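> Take a look at this one; I'll ask things after.
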2 protein chains.
Amino acid sequence: MTQDKTRREVIRLMGVTAGVAAISPYLTGRAFAEKEKVTKIEPPWPYEKIKPKVAAERAYGGYYEAQCMYGAFWGIIGELAERRGAPYNTFPAKMLKYGAGGVAGWGSLCGALNGAAAAIYLVSPDPEPIVEELFGWHQEAKLPDYIPEKAKYNIVKSVARSELCHVSISNWIKVSGLKLTSKERGERCARITASVARHTVKLLNQQAKGKLKALYPISGRTKACRDCHDKGSSREDSRGKMDCTVCHFNLGIKHPAKK
Amino acid sequence: MTQDKTRREVIRLMGVTAGVAAISPYLTGRAFAEKEKVTKIEPPWPYEKIKPKVAAERAYGGYYEAQCMYGAFWGIIGELAERRGAPYNTFPAKMLKYGAGGVAGWGSLCGALNGAAAAIYLVSPDPEPIVEELFGWHQEAKLPDYIPEKAKYNIVKSVARSELCHVSISNWIKVSGLKLTSKERGERCARITASVARHTVKLLNQQAKGKLKALYPISGRTKACRDCHDKGSSREDSRGKMDCTVCHFNLGIKHPAKK
């Protein structure tokens with residue numbers, strides 16, 4: 001069997017498996033509008049409604065299996081894989097271990113957010129507004145807000161204030177009084193993973209119904225920074241939507257006042 | 001055809017396609033040691049040597065097709081897909097648009113690094129040391145260090161000092177004197193994508209030969225911070241390997257001196 005023939009075969013099977021054209025009006029109406037779209041590998045793959053609690057429990061278990069990024073992603077895509085098989089179950093999800101601890105322990109982007117964003121872009125026909133709302137929520141909400149069925153400890157909530165792993169963790173350590181290597185900290189990140197998967201699924205479900213609610217727009221304080229520094233401003237010397245003031249809080253007396 | 005049967009079929013085809021058992025001694029020796037490993041979907045997928053320049057050119061083109069994360073990832077995995085077909089060509093790579101601009105424009109993790117880390121964890125049997133070296137290099141090297149065959153502008157180099165998109169971009173803007181929305185800034189990020197893909201492939205090739213060189217260990221100044229704040233320290237109130245001093249440079253007179 002030649003490489004090309006095999007590739008076509010895999011693609012064909014992915015299409016055939018779908019059989020999902022009957023799943024929901026949302027799917028038939030959008031993702032399956034053209035036969036061409038059914039048989040392609042590229043996203044968006046069809047999404048169908050998942051119960052938020054189901055995603056949360058799967059994500060929680062996924063954290064203990066292969067960490068935060070995998071947990072958040074597989075909490076969503078794993079559920080579709082279990083229900084529908086291919087193409088969802090052809091995704092090599094364990095590669096997403098890479099996001100653990102802000103990418104291999106570097107403390108940068110929260111792995112749960114990295115995994116959720118990956119899942120959103122895999123299944124949503126209009127992913128950016130969902131990421132916008134998810135990241136805004138994660139920055140400002142008291143988390144974790146999901147208690148798993150087999151809860152292990154009593155875990156206090158905190159506000160991450162950031163998309164960054166090390167900032168989120170340090171803020172939780174400050175509130176909890178516990179240490180980085182405490183079992184509670186691991187459990188806290190497992191529940192963050194579950195909370196993020198649950199919230200992501202709520203937003204995906206909202207969008208599938210045509211009713212995505214945007215409750216966490218960019219804050220006024222961040223907009224004030226962007227007015228001078230981001231796209232279309234006088235200086236245009238930075239970019240981003242993270243809350244600037246979490247890191248840039250000590251700007252000195254020479255920094256211009258808000259316009 | 002049932003879902004289960006189809007899933008088995010897809011997996012079987014992915015295995016059959018491989019045919020890659022003869023690609024190199026590295027592959028036959030490691031990834032293909034057992035038949036079981038050949039037919040599974042989970043990583044590591046077999047890696048075979050790629051010429052760094054080939055990955056760079058593909059990544060550069062990928063940036064203009066679907067941004068930084070996609071570009072860096074597909075610069076590597078796309079090359080294997082073109083050579084070998086499945087399973088590489090079954091990866092829905094366009095989902096990786098999500099990493100653009102530090103995830104949908106949020107300015108967090110550099111998308112090129114996010115995509116490279118994803119590729120590394122997909123094909124390396126021991127991915128963490130490669131990420132360690134890649135991120136250390138990206139933080140300290142003058143980049144971009146790759147000039148594409150059809151170079152568009154004259155692009156100055158800068159040191160990102162960080163894994164974060166907005167820090168990297170702001171530092172380049174400071175050095176270049178150009179703005180965020182200048183064409184040169186886009187071209188600069190395309191070349192960062194190419195540079196990251198090229199360096200990643202160099203490191204993957206080194207590891208495949210059993211000779212991974214670690215030239216960028218964690219700096220002394222970051223180690224000094226970790227001595228009191230990271231795992232196993234007295235405070236244990238943070239985590240990470242990014243250069244702390246890039247953001248935490250104004251610690252005030254009360255902050256303890258280095259031990």
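Chains: A, B, ... in order of the structure tokens. Residues: from 1 per chain. Ligands: from 1, in order shown.
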What residues in stretch 104-234 of chain A get the DSSP label helix (DSSP H, G or I)? Please answer as a ChimeraX atom specification.
/A:111-123,128-140,165-176,183-208,220-229
> When you look at A:Glu163 with a cut-off of 7 Å (counting only C-alpha atoms), what residues show up, excluding the ones that are within fewer than 3 positions of it in the same chain? I need them as an MDAnalysis selection string.
chainID A and resid 109:110 135 139
> Could the residues in this selection be written to a file with N, CA and C atoms, as a PDB file, in the first residue's frame?

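Ended up saving to part07.pdb:
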```pdb
ATOM      1  N   LEU A 109       2.841  29.736  30.463  1.00  0.00           N
ATOM      2  CA  LEU A 109       1.383  29.624  30.323  1.00  0.00           C
ATOM      3  C   LEU A 109       0.801  28.466  31.135  1.00  0.00           C
ATOM      4  N   CYS A 110      -0.247  28.748  31.902  1.00  0.00           N
ATOM      5  CA  CYS A 110      -0.988  27.703  32.647  1.00  0.00           C
ATOM      6  C   CYS A 110      -1.352  26.567  31.701  1.00  0.00           C
ATOM      7  N   PHE A 135     -10.168  33.023  29.179  1.00  0.00           N
ATOM      8  CA  PHE A 135      -8.971  33.604  29.795  1.00  0.00           C
ATOM      9  C   PHE A 135      -9.340  34.753  30.742  1.00  0.00           C
ATOM     10  N   GLN A 139      -8.683  34.679  34.853  1.00  0.00           N
ATOM     11  CA  GLN A 139      -7.866  35.734  35.458  1.00  0.00           C
ATOM     12  C   GLN A 139      -8.559  36.358  36.682  1.00  0.00           C
TER      13      GLN A 139
END
```
> Please, which residues of chain A lie no more than 7 Å from chain B when the count uses only C-alpha atoms, and can they be set out as a count of residues only?
48
> Between atom CA of A:Tyr63 and atom CA of A:Gly111, measure the distance and give it in Å to one decimal.
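For atom CA of A:Tyr63 relative to atom CA of A:Gly111, the distance reads 10.2 Å.
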> Which residues come within 6 Å of stretch 212-225 of chain B, counting only C-alpha atoms, excluding same-chain residues fewer than 3 positions away, as a list in words?
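Selected residues are Glu133, Gly136, Trp137, Gln206, Gln207, Cys228, Asp243 and Cys244 of chain B.
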> Output N, CA and C atoms for every residue in that selection, as an mmCIF file, in the first residue's frame.

```cif
data_model
loop_
_atom_site.group_PDB
_atom_site.id
_atom_site.type_symbol
_atom_site.label_atom_id
_atom_site.label_comp_id
_atom_site.auth_asym_id
_atom_site.auth_seq_id
_atom_site.Cartn_x
_atom_site.Cartn_y
_atom_site.Cartn_z
ATOM 1 N N GLU B 133 16.783 22.975 26.723
ATOM 2 C CA GLU B 133 17.838 23.614 25.943
ATOM 3 C C GLU B 133 17.246 24.653 24.983
ATOM 4 N N GLY B 136 16.084 27.776 26.948
ATOM 5 C CA GLY B 136 17.252 28.513 27.440
ATOM 6 C C GLY B 136 17.909 29.301 26.315
ATOM 7 N N TRP B 137 18.073 28.647 25.176
ATOM 8 C CA TRP B 137 18.654 29.287 23.987
ATOM 9 C C TRP B 137 17.790 30.464 23.546
ATOM 10 N N GLN B 206 20.484 15.929 17.239
ATOM 11 C CA GLN B 206 21.539 15.605 18.217
ATOM 12 C C GLN B 206 21.087 14.468 19.132
ATOM 13 N N GLN B 207 19.867 14.567 19.624
ATOM 14 C CA GLN B 207 19.380 13.528 20.543
ATOM 15 C C GLN B 207 19.288 12.179 19.839
ATOM 16 N N CYS B 228 15.636 30.198 47.161
ATOM 17 C CA CYS B 228 14.716 30.523 48.263
ATOM 18 C C CYS B 228 13.251 30.297 47.913
ATOM 19 N N ASP B 243 13.783 33.377 33.297
ATOM 20 C CA ASP B 243 14.675 34.320 33.975
ATOM 21 C C ASP B 243 13.820 35.241 34.850
ATOM 22 N N CYS B 244 13.878 35.050 36.161
ATOM 23 C CA CYS B 244 13.029 35.818 37.095
ATOM 24 C C CYS B 244 13.282 37.324 36.998
#
```
> List as a VMD selection string the protein and nucleic acid residues near B:Lys150, meaning an atom at most 12 Å away when only C-alpha atoms are counted, but skip any in the same chain fewer than 5 places from it.
chain B and resid 57 60 to 61 187 191
